[in-house]
>>> print(open('work_3.pdb').read())   # PDB, C-alpha atoms
MODEL        1
ATOM      1  CA  MET A 228      -8.954 -91.577 183.919
ATOM      2  CA  SER A 229      -6.298 -92.441 181.349
ATOM      3  CA  ARG A 230      -5.175 -89.988 178.693
ATOM      4  CA  ASP A 231      -6.823 -92.082 175.943
ATOM      5  CA  ALA A 232     -10.076 -92.153 177.874
ATOM      6  CA  ARG A 233      -9.973 -88.349 178.269
ATOM      7  CA  VAL A 234      -9.397 -87.949 174.538
ATOM      8  CA  ARG A 235     -12.359 -90.195 173.766
ATOM      9  CA  SER A 236     -14.460 -88.235 176.261
ATOM     10  CA  ARG A 237     -13.552 -84.922 174.654
ATOM     11  CA  ALA A 238     -14.402 -86.269 171.217
ATOM     12  CA  LYS A 239     -17.972 -86.992 172.274
ATOM     13  CA  THR A 240     -20.784 -84.492 171.802
ATOM     14  CA  LEU A 241     -22.301 -83.269 175.077
ATOM     15  CA  ASP A 242     -25.856 -84.567 175.410
ATOM     16  CA  LEU A 243     -27.928 -81.574 176.530
ATOM     17  CA  GLU A 244     -30.866 -83.720 177.621
ATOM     18  CA  GLY A 245     -31.140 -82.915 181.332
ATOM     19  CA  ALA A 246     -28.054 -80.670 181.295
ATOM     20  CA  VAL A 247     -28.180 -77.639 183.603
ATOM     21  CA  VAL A 248     -27.727 -74.453 181.569
ATOM     22  CA  VAL A 249     -27.470 -70.915 182.966
ATOM     23  CA  ILE A 250     -28.205 -68.038 180.575
ATOM     24  CA  THR A 251     -27.661 -64.408 181.541
ATOM     25  CA  GLY A 252     -29.349 -61.671 179.543
ATOM     26  CA  ALA A 253     -32.153 -64.157 178.869
ATOM     27  CA  SER A 254     -35.103 -61.747 178.764
ATOM     28  CA  SER A 255     -34.852 -60.833 175.051
ATOM     29  CA  GLY A 256     -32.798 -61.093 171.863
ATOM     30  CA  ILE A 257     -30.134 -63.781 171.611
ATOM     31  CA  GLY A 258     -30.620 -64.780 175.247
ATOM     32  CA  GLU A 259     -34.316 -65.484 174.747
ATOM     33  CA  ALA A 260     -33.625 -67.341 171.491
ATOM     34  CA  ALA A 261     -30.920 -69.402 173.232
ATOM     35  CA  ALA A 262     -33.279 -70.290 176.086
ATOM     36  CA  GLU A 263     -35.781 -71.725 173.611
ATOM     37  CA  ALA A 264     -33.035 -73.485 171.621
ATOM     38  CA  PHE A 265     -31.612 -75.176 174.725
ATOM     39  CA  ALA A 266     -35.152 -76.070 175.858
ATOM     40  CA  ARG A 267     -35.723 -77.903 172.573
ATOM     41  CA  GLU A 268     -32.622 -79.970 173.385
ATOM     42  CA  GLY A 269     -34.138 -80.939 176.743
ATOM     43  CA  ALA A 270     -31.842 -78.829 178.944
ATOM     44  CA  ARG A 271     -32.884 -77.646 182.402
ATOM     45  CA  LEU A 272     -32.668 -73.869 182.424
ATOM     46  CA  VAL A 273     -31.726 -71.165 184.903
ATOM     47  CA  LEU A 274     -32.569 -67.845 183.241
ATOM     48  CA  ALA A 275     -31.220 -64.527 184.506
ATOM     49  CA  ALA A 276     -31.811 -60.862 183.652
ATOM     50  CA  ARG A 277     -32.836 -57.610 185.332
ATOM     51  CA  ASP A 278     -36.492 -57.661 184.211
ATOM     52  CA  PRO A 279     -38.399 -60.248 186.269
ATOM     53  CA  ALA A 280     -41.650 -60.011 184.289
ATOM     54  CA  ALA A 281     -39.957 -60.533 180.899
ATOM     55  CA  LEU A 282     -37.828 -63.312 182.376
ATOM     56  CA  ASP A 283     -40.880 -65.112 183.800
ATOM     57  CA  ALA A 284     -42.501 -65.006 180.348
ATOM     58  CA  VAL A 285     -39.432 -66.584 178.711
ATOM     59  CA  ALA A 286     -39.255 -69.258 181.426
ATOM     60  CA  ALA A 287     -42.944 -70.061 180.916
ATOM     61  CA  ARG A 288     -42.414 -70.555 177.172
ATOM     62  CA  CYS A 289     -39.516 -72.898 177.895
ATOM     63  CA  ARG A 290     -41.583 -74.903 180.364
ATOM     64  CA  ALA A 291     -44.252 -75.209 177.666
ATOM     65  CA  LEU A 292     -41.602 -76.990 175.599
ATOM     66  CA  GLY A 293     -41.450 -79.651 178.329
ATOM     67  CA  VAL A 294     -38.386 -78.677 180.381
ATOM     68  CA  ASP A 295     -37.723 -77.312 183.850
ATOM     69  CA  ALA A 296     -36.926 -73.599 183.828
ATOM     70  CA  VAL A 297     -36.543 -71.044 186.594
ATOM     71  CA  ALA A 298     -36.167 -67.283 186.408
ATOM     72  CA  VAL A 299     -33.704 -65.484 188.687
ATOM     73  CA  GLU A 300     -33.692 -61.682 188.646
ATOM     74  CA  THR A 301     -29.993 -60.774 188.417
ATOM     75  CA  ASP A 302     -27.871 -57.733 187.595
ATOM     76  CA  VAL A 303     -24.541 -59.132 186.392
ATOM     77  CA  THR A 304     -22.707 -55.955 187.417
ATOM     78  CA  ASP A 305     -23.344 -57.053 191.030
ATOM     79  CA  ALA A 306     -20.799 -59.776 191.852
ATOM     80  CA  GLN A 307     -22.694 -60.910 194.943
ATOM     81  CA  ALA A 308     -25.913 -61.294 192.938
ATOM     82  CA  VAL A 309     -24.098 -63.411 190.347
ATOM     83  CA  ARG A 310     -22.640 -65.652 193.060
ATOM     84  CA  ALA A 311     -26.172 -66.086 194.410
ATOM     85  CA  LEU A 312     -27.333 -66.992 190.871
ATOM     86  CA  ALA A 313     -24.676 -69.713 190.661
ATOM     87  CA  GLU A 314     -25.680 -71.071 194.056
ATOM     88  CA  GLN A 315     -29.346 -71.165 193.022
ATOM     89  CA  ALA A 316     -28.414 -72.975 189.823
ATOM     90  CA  VAL A 317     -26.562 -75.679 191.763
ATOM     91  CA  ALA A 318     -29.462 -75.982 194.192
ATOM     92  CA  PHE A 319     -31.838 -76.294 191.221
ATOM     93  CA  GLY A 320     -29.913 -78.857 189.193
ATOM     94  CA  GLY A 321     -27.191 -80.276 191.431
ATOM     95  CA  ARG A 322     -24.507 -78.963 189.076
ATOM     96  CA  ILE A 323     -23.910 -76.496 186.223
ATOM     97  CA  ASP A 324     -23.017 -77.919 182.816
ATOM     98  CA  VAL A 325     -23.126 -74.778 180.659
ATOM     99  CA  TRP A 326     -23.024 -71.076 181.485
ATOM    100  CA  PHE A 327     -23.907 -68.738 178.611
ATOM    101  CA  SER A 328     -22.613 -65.261 179.548
ATOM    102  CA  ASN A 329     -24.738 -63.166 177.228
ATOM    103  CA  VAL A 330     -25.352 -59.713 178.725
ATOM    104  CA  GLY A 331     -24.491 -56.812 176.430
ATOM    105  CA  VAL A 332     -25.389 -53.124 176.336
ATOM    106  CA  GLY A 333     -24.243 -50.216 174.214
ATOM    107  CA  ALA A 334     -23.964 -46.440 174.122
ATOM    108  CA  VAL A 335     -23.780 -44.749 170.714
ATOM    109  CA  GLY A 336     -22.275 -41.278 170.430
ATOM    110  CA  LEU A 337     -19.015 -39.419 170.007
ATOM    111  CA  PHE A 338     -16.770 -40.275 172.948
ATOM    112  CA  HIS A 339     -16.537 -36.735 174.345
ATOM    113  CA  GLU A 340     -20.296 -36.158 173.962
ATOM    114  CA  THR A 341     -21.229 -39.355 175.825
ATOM    115  CA  PRO A 342     -21.395 -39.093 179.639
ATOM    116  CA  MET A 343     -18.619 -40.891 181.497
ATOM    117  CA  THR A 344     -21.290 -42.563 183.608
ATOM    118  CA  ALA A 345     -22.550 -44.211 180.409
ATOM    119  CA  HIS A 346     -19.077 -45.343 179.356
ATOM    120  CA  GLU A 347     -18.498 -46.806 182.824
ATOM    121  CA  GLN A 348     -21.802 -48.687 182.789
ATOM    122  CA  VAL A 349     -21.055 -50.248 179.389
ATOM    123  CA  ILE A 350     -17.739 -51.528 180.759
ATOM    124  CA  ARG A 351     -19.428 -52.817 183.920
ATOM    125  CA  ALA A 352     -22.044 -54.790 181.993
ATOM    126  CA  ASN A 353     -20.066 -55.993 178.981
ATOM    127  CA  LEU A 354     -16.743 -56.771 180.656
ATOM    128  CA  ILE A 355     -17.031 -56.814 184.457
ATOM    129  CA  GLY A 356     -20.408 -58.561 184.184
ATOM    130  CA  HIS A 357     -18.866 -61.409 182.190
ATOM    131  CA  MET A 358     -15.953 -61.570 184.617
ATOM    132  CA  ASN A 359     -18.463 -61.812 187.467
ATOM    133  CA  ASP A 360     -20.151 -64.710 185.656
ATOM    134  CA  ALA A 361     -16.860 -66.547 185.209
ATOM    135  CA  HIS A 362     -15.711 -65.831 188.763
ATOM    136  CA  ALA A 363     -18.926 -67.341 190.127
ATOM    137  CA  VAL A 364     -19.030 -70.485 187.982
ATOM    138  CA  LEU A 365     -15.374 -71.486 187.527
ATOM    139  CA  PRO A 366     -14.957 -72.798 191.100
ATOM    140  CA  ILE A 367     -18.005 -74.973 190.454
ATOM    141  CA  PHE A 368     -16.557 -76.237 187.167
ATOM    142  CA  LEU A 369     -13.247 -76.976 188.907
ATOM    143  CA  ARG A 370     -15.004 -78.994 191.614
ATOM    144  CA  GLN A 371     -16.964 -80.893 188.959
ATOM    145  CA  GLY A 372     -13.945 -81.325 186.719
ATOM    146  CA  ARG A 373     -15.934 -80.146 183.695
ATOM    147  CA  GLY A 374     -18.116 -77.364 182.317
ATOM    148  CA  VAL A 375     -18.597 -75.033 179.339
ATOM    149  CA  PHE A 376     -18.432 -71.237 179.679
ATOM    150  CA  ILE A 377     -19.659 -69.400 176.566
ATOM    151  CA  ASN A 378     -18.935 -65.688 176.101
ATOM    152  CA  MET A 379     -21.063 -63.601 173.749
ATOM    153  CA  ILE A 380     -18.588 -61.103 172.284
ATOM    154  CA  SER A 381     -19.445 -59.896 168.692
ATOM    155  CA  LEU A 382     -17.418 -58.670 165.750
ATOM    156  CA  GLY A 383     -16.665 -55.671 167.992
ATOM    157  CA  GLY A 384     -14.083 -57.887 169.672
ATOM    158  CA  PHE A 385     -11.951 -57.712 166.524
ATOM    159  CA  ALA A 386     -12.598 -54.256 165.049
ATOM    160  CA  ALA A 387     -12.994 -50.920 166.804
ATOM    161  CA  ALA A 388     -16.390 -49.244 166.579
ATOM    162  CA  PRO A 389     -16.075 -45.436 166.310
ATOM    163  CA  TRP A 390     -19.028 -43.722 168.001
ATOM    164  CA  ALA A 391     -19.164 -46.638 170.479
ATOM    165  CA  ALA A 392     -15.767 -46.361 172.164
ATOM    166  CA  ALA A 393     -16.728 -47.980 175.459
ATOM    167  CA  TYR A 394     -18.386 -50.845 173.617
ATOM    168  CA  SER A 395     -15.138 -51.381 171.694
ATOM    169  CA  ALA A 396     -13.124 -51.260 174.911
ATOM    170  CA  SER A 397     -15.404 -53.799 176.567
ATOM    171  CA  LYS A 398     -15.406 -56.236 173.652
ATOM    172  CA  PHE A 399     -11.640 -56.050 173.041
ATOM    173  CA  GLY A 400     -11.198 -56.570 176.779
ATOM    174  CA  LEU A 401     -13.591 -59.500 176.827
ATOM    175  CA  ARG A 402     -11.699 -61.230 174.031
ATOM    176  CA  GLY A 403      -8.460 -60.828 175.997
ATOM    177  CA  PHE A 404     -10.165 -62.060 179.143
ATOM    178  CA  SER A 405     -11.323 -65.233 177.399
ATOM    179  CA  GLU A 406      -7.853 -65.894 175.998
ATOM    180  CA  ALA A 407      -6.329 -65.451 179.460
ATOM    181  CA  LEU A 408      -8.849 -67.856 181.000
ATOM    182  CA  ARG A 409      -8.127 -70.483 178.385
ATOM    183  CA  GLY A 410      -4.447 -70.174 179.233
ATOM    184  CA  GLU A 411      -5.083 -70.658 182.949
ATOM    185  CA  LEU A 412      -7.322 -73.664 182.307
ATOM    186  CA  THR A 413      -4.948 -75.488 179.971
ATOM    187  CA  ALA A 414      -4.508 -78.348 182.429
ATOM    188  CA  HIS A 415      -8.280 -78.766 182.846
ATOM    189  CA  ARG A 416      -9.091 -80.392 179.542
ATOM    190  CA  ASP A 417     -12.826 -80.790 180.209
ATOM    191  CA  ILE A 418     -13.414 -77.156 181.169
ATOM    192  CA  HIS A 419     -13.981 -75.009 178.095
ATOM    193  CA  VAL A 420     -14.124 -71.245 177.491
ATOM    194  CA  CYS A 421     -15.796 -70.486 174.162
ATOM    195  CA  ASP A 422     -16.315 -67.168 172.357
ATOM    196  CA  VAL A 423     -19.104 -66.191 169.947
ATOM    197  CA  TYR A 424     -18.442 -63.515 167.306
ATOM    198  CA  PRO A 425     -21.597 -62.738 165.315
ATOM    199  CA  ALA A 426     -22.062 -59.932 162.811
ATOM    200  CA  PHE A 427     -24.947 -57.485 163.390
ATOM    201  CA  VAL A 428     -27.924 -59.349 164.836
ATOM    202  CA  ASP A 429     -31.613 -58.463 164.553
ATOM    203  CA  THR A 430     -32.303 -57.989 168.271
ATOM    204  CA  PRO A 431     -33.975 -55.209 170.281
ATOM    205  CA  GLY A 432     -30.536 -54.260 171.651
ATOM    206  CA  LEU A 433     -29.972 -51.307 169.321
ATOM    207  CA  ARG A 434     -33.372 -49.816 170.158
ATOM    208  CA  HIS A 435     -32.796 -50.408 173.871
ATOM    209  CA  GLY A 436     -29.258 -49.016 174.005
ATOM    210  CA  ALA A 437     -28.170 -45.544 175.050
ATOM    211  CA  ASN A 438     -28.160 -42.978 172.246
ATOM    212  CA  TYR A 439     -26.372 -39.634 172.496
ATOM    213  CA  THR A 440     -26.237 -38.838 168.769
ATOM    214  CA  GLY A 441     -29.532 -37.024 168.256
ATOM    215  CA  GLY A 442     -30.305 -39.453 165.410
ATOM    216  CA  GLN A 443     -32.168 -42.731 165.195
ATOM    217  CA  VAL A 444     -29.866 -45.770 165.422
ATOM    218  CA  SER A 445     -30.193 -48.632 162.948
ATOM    219  CA  ALA A 446     -28.218 -51.671 161.782
ATOM    220  CA  PRO A 447     -26.669 -52.156 158.333
ATOM    221  CA  PRO A 448     -28.027 -55.098 156.352
ATOM    222  CA  PRO A 449     -27.720 -58.006 156.208
ATOM    223  CA  VAL A 450     -28.431 -58.707 159.870
ATOM    224  CA  LEU A 451     -28.467 -62.166 161.417
ATOM    225  CA  ASP A 452     -31.512 -63.915 162.785
ATOM    226  CA  PRO A 453     -30.987 -64.276 166.571
ATOM    227  CA  ARG A 454     -32.137 -67.882 166.317
ATOM    228  CA  ARG A 455     -29.224 -68.647 164.007
ATOM    229  CA  VAL A 456     -26.837 -67.306 166.642
ATOM    230  CA  ALA A 457     -28.661 -69.291 169.324
ATOM    231  CA  ARG A 458     -28.208 -72.500 167.333
ATOM    232  CA  ALA A 459     -24.482 -71.771 167.090
ATOM    233  CA  VAL A 460     -24.358 -71.356 170.876
ATOM    234  CA  VAL A 461     -26.088 -74.700 171.361
ATOM    235  CA  ARG A 462     -23.580 -76.360 169.016
ATOM    236  CA  LEU A 463     -20.717 -74.843 171.023
ATOM    237  CA  ALA A 464     -22.198 -76.293 174.202
ATOM    238  CA  GLN A 465     -22.483 -79.697 172.555
ATOM    239  CA  ARG A 466     -19.011 -79.661 171.014
ATOM    240  CA  PRO A 467     -16.893 -76.886 172.585
ATOM    241  CA  ARG A 468     -14.130 -75.023 170.754
ATOM    242  CA  PRO A 469     -12.384 -71.724 171.490
ATOM    243  CA  GLY A 470     -14.526 -69.574 169.222
ATOM    244  CA  VAL A 471     -17.014 -69.336 166.402
ATOM    245  CA  THR A 472     -17.623 -66.498 163.938
ATOM    246  CA  ILE A 473     -21.115 -66.132 162.489
ATOM    247  CA  GLY A 474     -22.044 -64.243 159.333
ATOM    248  CA  ALA A 475     -20.030 -63.170 156.285
ATOM    249  CA  PRO A 476     -19.690 -59.517 157.463
ATOM    250  CA  ALA A 477     -17.956 -60.697 160.643
ATOM    251  CA  PHE A 478     -15.368 -62.622 158.629
ATOM    252  CA  ALA A 479     -14.878 -59.602 156.350
ATOM    253  CA  VAL A 480     -14.364 -57.254 159.306
ATOM    254  CA  GLN A 481     -11.848 -59.619 160.901
ATOM    255  CA  ALA A 482      -9.868 -59.774 157.668
ATOM    256  CA  ALA A 483     -10.018 -56.004 157.088
ATOM    257  CA  HIS A 484      -8.869 -55.280 160.638
ATOM    258  CA  ALA A 485      -5.953 -57.671 160.293
ATOM    259  CA  LEU A 486      -4.857 -55.896 157.111
ATOM    260  CA  ALA A 487      -5.465 -52.245 157.950
ATOM    261  CA  PRO A 488      -6.978 -51.452 161.351
ATOM    262  CA  LYS A 489      -6.485 -47.685 161.120
ATOM    263  CA  THR A 490      -8.041 -47.502 157.663
ATOM    264  CA  LEU A 491     -10.984 -49.638 158.772
ATOM    265  CA  ALA A 492     -11.669 -47.453 161.824
ATOM    266  CA  ALA A 493     -11.403 -44.269 159.756
ATOM    267  CA  GLY A 494     -13.789 -45.660 157.160
ATOM    268  CA  MET A 495     -16.302 -46.620 159.841
ATOM    269  CA  ASP A 496     -16.126 -43.103 161.277
ATOM    270  CA  VAL A 497     -16.831 -41.595 157.842
ATOM    271  CA  PHE A 498     -19.801 -43.936 157.466
ATOM    272  CA  MET A 499     -21.185 -43.070 160.917
ATOM    273  CA  ARG A 500     -20.896 -39.320 160.372
ATOM    274  CA  ALA A 501     -22.627 -39.573 157.009
ATOM    275  CA  TYR A 502     -25.372 -41.762 158.454
ATOM    276  CA  PHE A 503     -26.189 -39.512 161.413
ATOM    277  CA  ARG A 504     -26.258 -36.388 159.227
ATOM    278  CA  ARG A 505     -29.221 -37.961 157.431
ATOM    279  CA  ALA A 506     -30.782 -40.036 160.211
ATOM    280  CA  ARG A 507     -34.256 -39.310 161.508
ATOM    281  CA  ARG A 508     -34.051 -37.222 164.681
ATOM    282  CA  ALA A 509     -34.259 -39.025 168.020
ATOM    283  CA  PRO A 510     -33.972 -37.835 171.642
ATOM    284  CA  ARG A 511     -30.801 -38.389 173.643
ATOM    285  CA  SER A 512     -31.390 -41.278 176.025
ATOM    286  CA  ASP A 513     -29.639 -43.508 178.560
ATOM    287  CA  GLY A 514     -31.658 -46.431 177.177
ATOM    288  CA  ASN A 515     -31.330 -49.614 179.192
ATOM    289  CA  LEU A 516     -27.923 -48.819 180.704
ATOM    290  CA  PHE A 517     -29.155 -48.270 184.240
ATOM    291  CA  GLY A 518     -32.312 -50.367 184.255
ATOM    292  CA  PRO A 519     -34.319 -52.785 182.122
ATOM    293  CA  PRO A 520     -36.173 -51.391 179.101
ATOM    294  CA  ALA A 521     -39.855 -50.554 179.425
ATOM    295  CA  ASP A 522     -40.551 -53.018 176.602
ATOM    296  CA  PRO A 523     -38.335 -56.138 176.561
ATOM    297  CA  GLY A 524     -38.910 -56.424 172.829
ATOM    298  CA  GLY A 525     -38.830 -60.187 172.315
ATOM    299  CA  VAL A 526     -36.319 -62.066 170.169
ATOM    300  CA  GLU A 527     -36.207 -59.833 167.097
ATOM    301  CA  GLY A 528     -35.536 -56.112 166.793
ATOM    302  CA  GLY A 529     -37.138 -55.361 163.448
ATOM    303  CA  PHE A 530     -33.882 -54.565 161.605
ATOM    304  CA  LYS A 531     -34.063 -57.333 158.996
ATOM    305  CA  PRO A 532     -33.254 -56.324 155.408
ATOM    306  CA  VAL A 533     -36.402 -56.094 153.275
ATOM    307  CA  ASN A 534     -35.102 -58.352 150.499
ATOM    308  CA  VAL A 535     -32.193 -60.429 149.277
ATOM    309  CA  LYS A 536     -31.045 -57.619 146.968
ATOM    310  CA  ALA A 537     -30.146 -55.493 149.984
ATOM    311  CA  ALA A 538     -27.970 -58.291 151.341
ATOM    312  CA  LEU A 539     -26.243 -58.738 147.988
ATOM    313  CA  VAL A 540     -25.547 -55.001 147.706
ATOM    314  CA  ALA A 541     -24.101 -54.987 151.230
ATOM    315  CA  GLY A 542     -21.916 -57.971 150.391
ATOM    316  CA  ALA A 543     -20.649 -56.298 147.230
ATOM    317  CA  GLY A 544     -19.887 -53.192 149.252
ATOM    318  CA  ALA A 545     -17.889 -55.237 151.752
ATOM    319  CA  LEU A 546     -15.855 -56.762 148.916
ATOM    320  CA  LEU A 547     -15.230 -53.292 147.449
ATOM    321  CA  VAL A 548     -14.041 -51.957 150.799
ATOM    322  CA  GLY A 549     -11.788 -54.980 151.176
ATOM    323  CA  GLY A 550     -10.290 -54.336 147.753
ATOM    324  CA  LEU A 551      -9.676 -50.681 148.550
ATOM    325  CA  ILE A 552      -7.981 -51.619 151.796
ATOM    326  CA  LEU A 553      -5.759 -54.113 150.034
ATOM    327  CA  GLY A 554      -4.836 -51.448 147.488
ATOM    328  CA  MET A 555      -3.957 -48.962 150.219
ATOM    329  CA  ARG A 556      -1.861 -51.575 151.992
ATOM    330  CA  ARG A 557       0.262 -52.007 148.870
ATOM    331  CA  ARG A 558       1.130 -48.319 148.640
ATOM    332  CA  PRO A 559       4.499 -47.163 150.086
ATOM    333  CA  ALA A 560       2.706 -44.968 152.608
ATOM    334  CA  SER A 561       0.553 -47.792 153.945
ATOM    335  CA  GLU A 562       0.035 -48.343 157.672
TER     336      GLU A 562
ENDMDL
END
>>> encode(input="work_3.pdb", output="structure tokens")
Amino acid sequence: MSRDARVRSRAKTLDLEGAVVVITGASSGIGEAAAEAFAREGARLVLAARDPAALDAVAARCRALGVDAVAVETDVTDAQAVRALAEQAVAFGGRIDVWFSNVGVGAVGLFHETPMTAHEQVIRANLIGHMNDAHAVLPIFLRQGRGVFINMISLGGFAAAPWAAAYSASKFGLRGFSEALRGELTAHRDIHVCDVYPAFVDTPGLRHGANYTGGQVSAPPPVLDPRRVARAVVRLAQRPRPGVTIGAPAFAVQAAHALAPKTLAAGMDVFMRAYFRRARRAPRSDGNLFGPPADPGGVEGGFKPVNVKAALVAGAGALLVGGLILGMRRRPASE
């Protein structure tokens, strides 16, 4: 193929009708929303997660939308299981067009009060799990000469999250991993590695995650609808680019971290300590770190702000924090 032909090919939008799409972490939240969004585009789906019953239910809803969908019980921390998932996907569809690497777990608590086993499991799922996904599918993409790998990262890939140190480590690492892959694949112009950076999303993930604080975990408004994030993932599959940021808070956090990372982290720690001093009591729990949750929870987590006023107040607060950070940066003793 000539260079001009390749350029024209890259300029085209990928038609997802009949495309083979693999989604990990597909049993709830963004993964479930993405499965339905891709199904509406006519894609053929291979859905993976640890909970076979929840996964079967999602696959059935996708089939009701008129597409082929199969459920494959998979733990992405198991490299051999992920290789088997890729093989099943090729057997199912003859190829893999898109792989949405979506698994994510969390453990909230002060670093020294959170078990090391929990920290290790967060890294295994959020970083090693995504590396396992890529390691399984990239040889297939290279044989095909094309493919789209989409990494779900989050605003945590740009700004540290005190009280979730392993989560921060995994997301910073995942962003670096994606950048390294893009560098290695520079010569393969039709193989794409794309990153997704949403703000807080209204999924069951916070309720399902490990909690070692003694207080009930919540999400600050405004939170994103998972279906909005899913639509952004579909658009990335159709027209790939290195990354997309979703939601005004995510842009604000990126800017604040670029200006004053230490100040931002310190401010987040102050916020977390104040929140958990007042939070409703909750038992310490490993959550879904070492197994699927008892209740998959569906697409939404129930954290949506009650009205627009709450979102406006949160936005004003973000602007105020940004202004304070800018003021601190201008002082002689700034970072």
>>> residues_near_point(input="work_3.pdb", point="(-30.6, -79.7, 174.2)", cutoff="6 Å", atoms="all atoms listed in the file", output="PyMOL selection string")
chain A and resi 243-244+265+267-270
>>> write_last_selection(input="work_3.pdb", atoms="C-alpha atoms", output="PDB file, in the coordinates of the input")
ATOM      1  CA  LEU A 243     -27.928 -81.574 176.530  1.00  0.00           C
ATOM      2  CA  GLU A 244     -30.866 -83.720 177.621  1.00  0.00           C
ATOM      3  CA  PHE A 265     -31.612 -75.176 174.725  1.00  0.00           C
ATOM      4  CA  ARG A 267     -35.723 -77.903 172.573  1.00  0.00           C
ATOM      5  CA  GLU A 268     -32.622 -79.970 173.385  1.00  0.00           C
ATOM      6  CA  GLY A 269     -34.138 -80.939 176.743  1.00  0.00           C
ATOM      7  CA  ALA A 270     -31.842 -78.829 178.944  1.00  0.00           C
TER       8      ALA A 270
END
>>> resolve_selection(input="work_3.pdb", expression="the PyMOL selection byres ((chain A and resi 429-433) around 7)", output="PDB file with C-alpha atoms, in the frame of the given file")
ATOM      1  CA  GLY A 256     -32.798 -61.093 171.863  1.00  0.00           C
ATOM      2  CA  PHE A 427     -24.947 -57.485 163.390  1.00  0.00           C
ATOM      3  CA  VAL A 428     -27.924 -59.349 164.836  1.00  0.00           C
ATOM      4  CA  ARG A 434     -33.372 -49.816 170.158  1.00  0.00           C
ATOM      5  CA  HIS A 435     -32.796 -50.408 173.871  1.00  0.00           C
ATOM      6  CA  GLY A 436     -29.258 -49.016 174.005  1.00  0.00           C
ATOM      7  CA  VAL A 444     -29.866 -45.770 165.422  1.00  0.00           C
ATOM      8  CA  SER A 445     -30.193 -48.632 162.948  1.00  0.00           C
ATOM      9  CA  VAL A 450     -28.431 -58.707 159.870  1.00  0.00           C
ATOM     10  CA  LEU A 451     -28.467 -62.166 161.417  1.00  0.00           C
ATOM     11  CA  ASP A 452     -31.512 -63.915 162.785  1.00  0.00           C
ATOM     12  CA  PRO A 453     -30.987 -64.276 166.571  1.00  0.00           C
ATOM     13  CA  GLY A 524     -38.910 -56.424 172.829  1.00  0.00           C
ATOM     14  CA  VAL A 526     -36.319 -62.066 170.169  1.00  0.00           C
ATOM     15  CA  GLU A 527     -36.207 -59.833 167.097  1.00  0.00           C
ATOM     16  CA  GLY A 528     -35.536 -56.112 166.793  1.00  0.00           C
ATOM     17  CA  GLY A 529     -37.138 -55.361 163.448  1.00  0.00           C
ATOM     18  CA  PHE A 530     -33.882 -54.565 161.605  1.00  0.00           C
ATOM     19  CA  LYS A 531     -34.063 -57.333 158.996  1.00  0.00           C
TER      20      LYS A 531
END
>>> closest_residue(input="work_3.pdb", among="A:Val309, A:Ile473, A:Ala316, A:Met495", to="Pro389 (chain A)", atoms="all atoms listed in the file")
A:Met495
>>> resolve_selection(input="work_3.pdb", expression="the PyMOL selection byres ((chain A and resi 510) around 8)", output="PyMOL selection string")
chain A and resi 438-439+441-442+508-509+511-512
>>> residues_around(input="work_3.pdb", residues="Phe399 (chain A)", least_positions_apart="6", cutoff="8 Å", atoms="only C-alpha atoms", output="ChimeraX atom specification")
/A:383-385
>>> closest_residue(input="work_3.pdb", among="A:Pro425, A:Val247, A:Ala298, A:Trp326", to="Arg454 (chain A)", atoms="only C-alpha atoms")
A:Pro425
>>> closest_residue(input="work_3.pdb", among="A:Arg271, A:Arg277, A:Ala266, A:Tyr394", to="Ala291 (chain A)", atoms="only C-alpha atoms")
A:Ala266
>>> atom_distance(input="work_3.pdb", atom1="CA of Asp522 (chain A)", atom2="CA of Arg351 (chain A)")
22.4 Å
>>> resolve_selection(input="work_3.pdb", expression="the PyMOL selection byres ((chain A and resi 280) around 12)", output="list in words")
Ala253, Ser254, Ser255, Ala275, Ala276, Arg277, Asp278, Pro279, Ala281, Leu282, Asp283, Ala284, Val285, Ala286, Ala287, Ala298, Val299, Glu300, Pro519, Pro520, Ala521, Asp522 and Pro523 of chain A
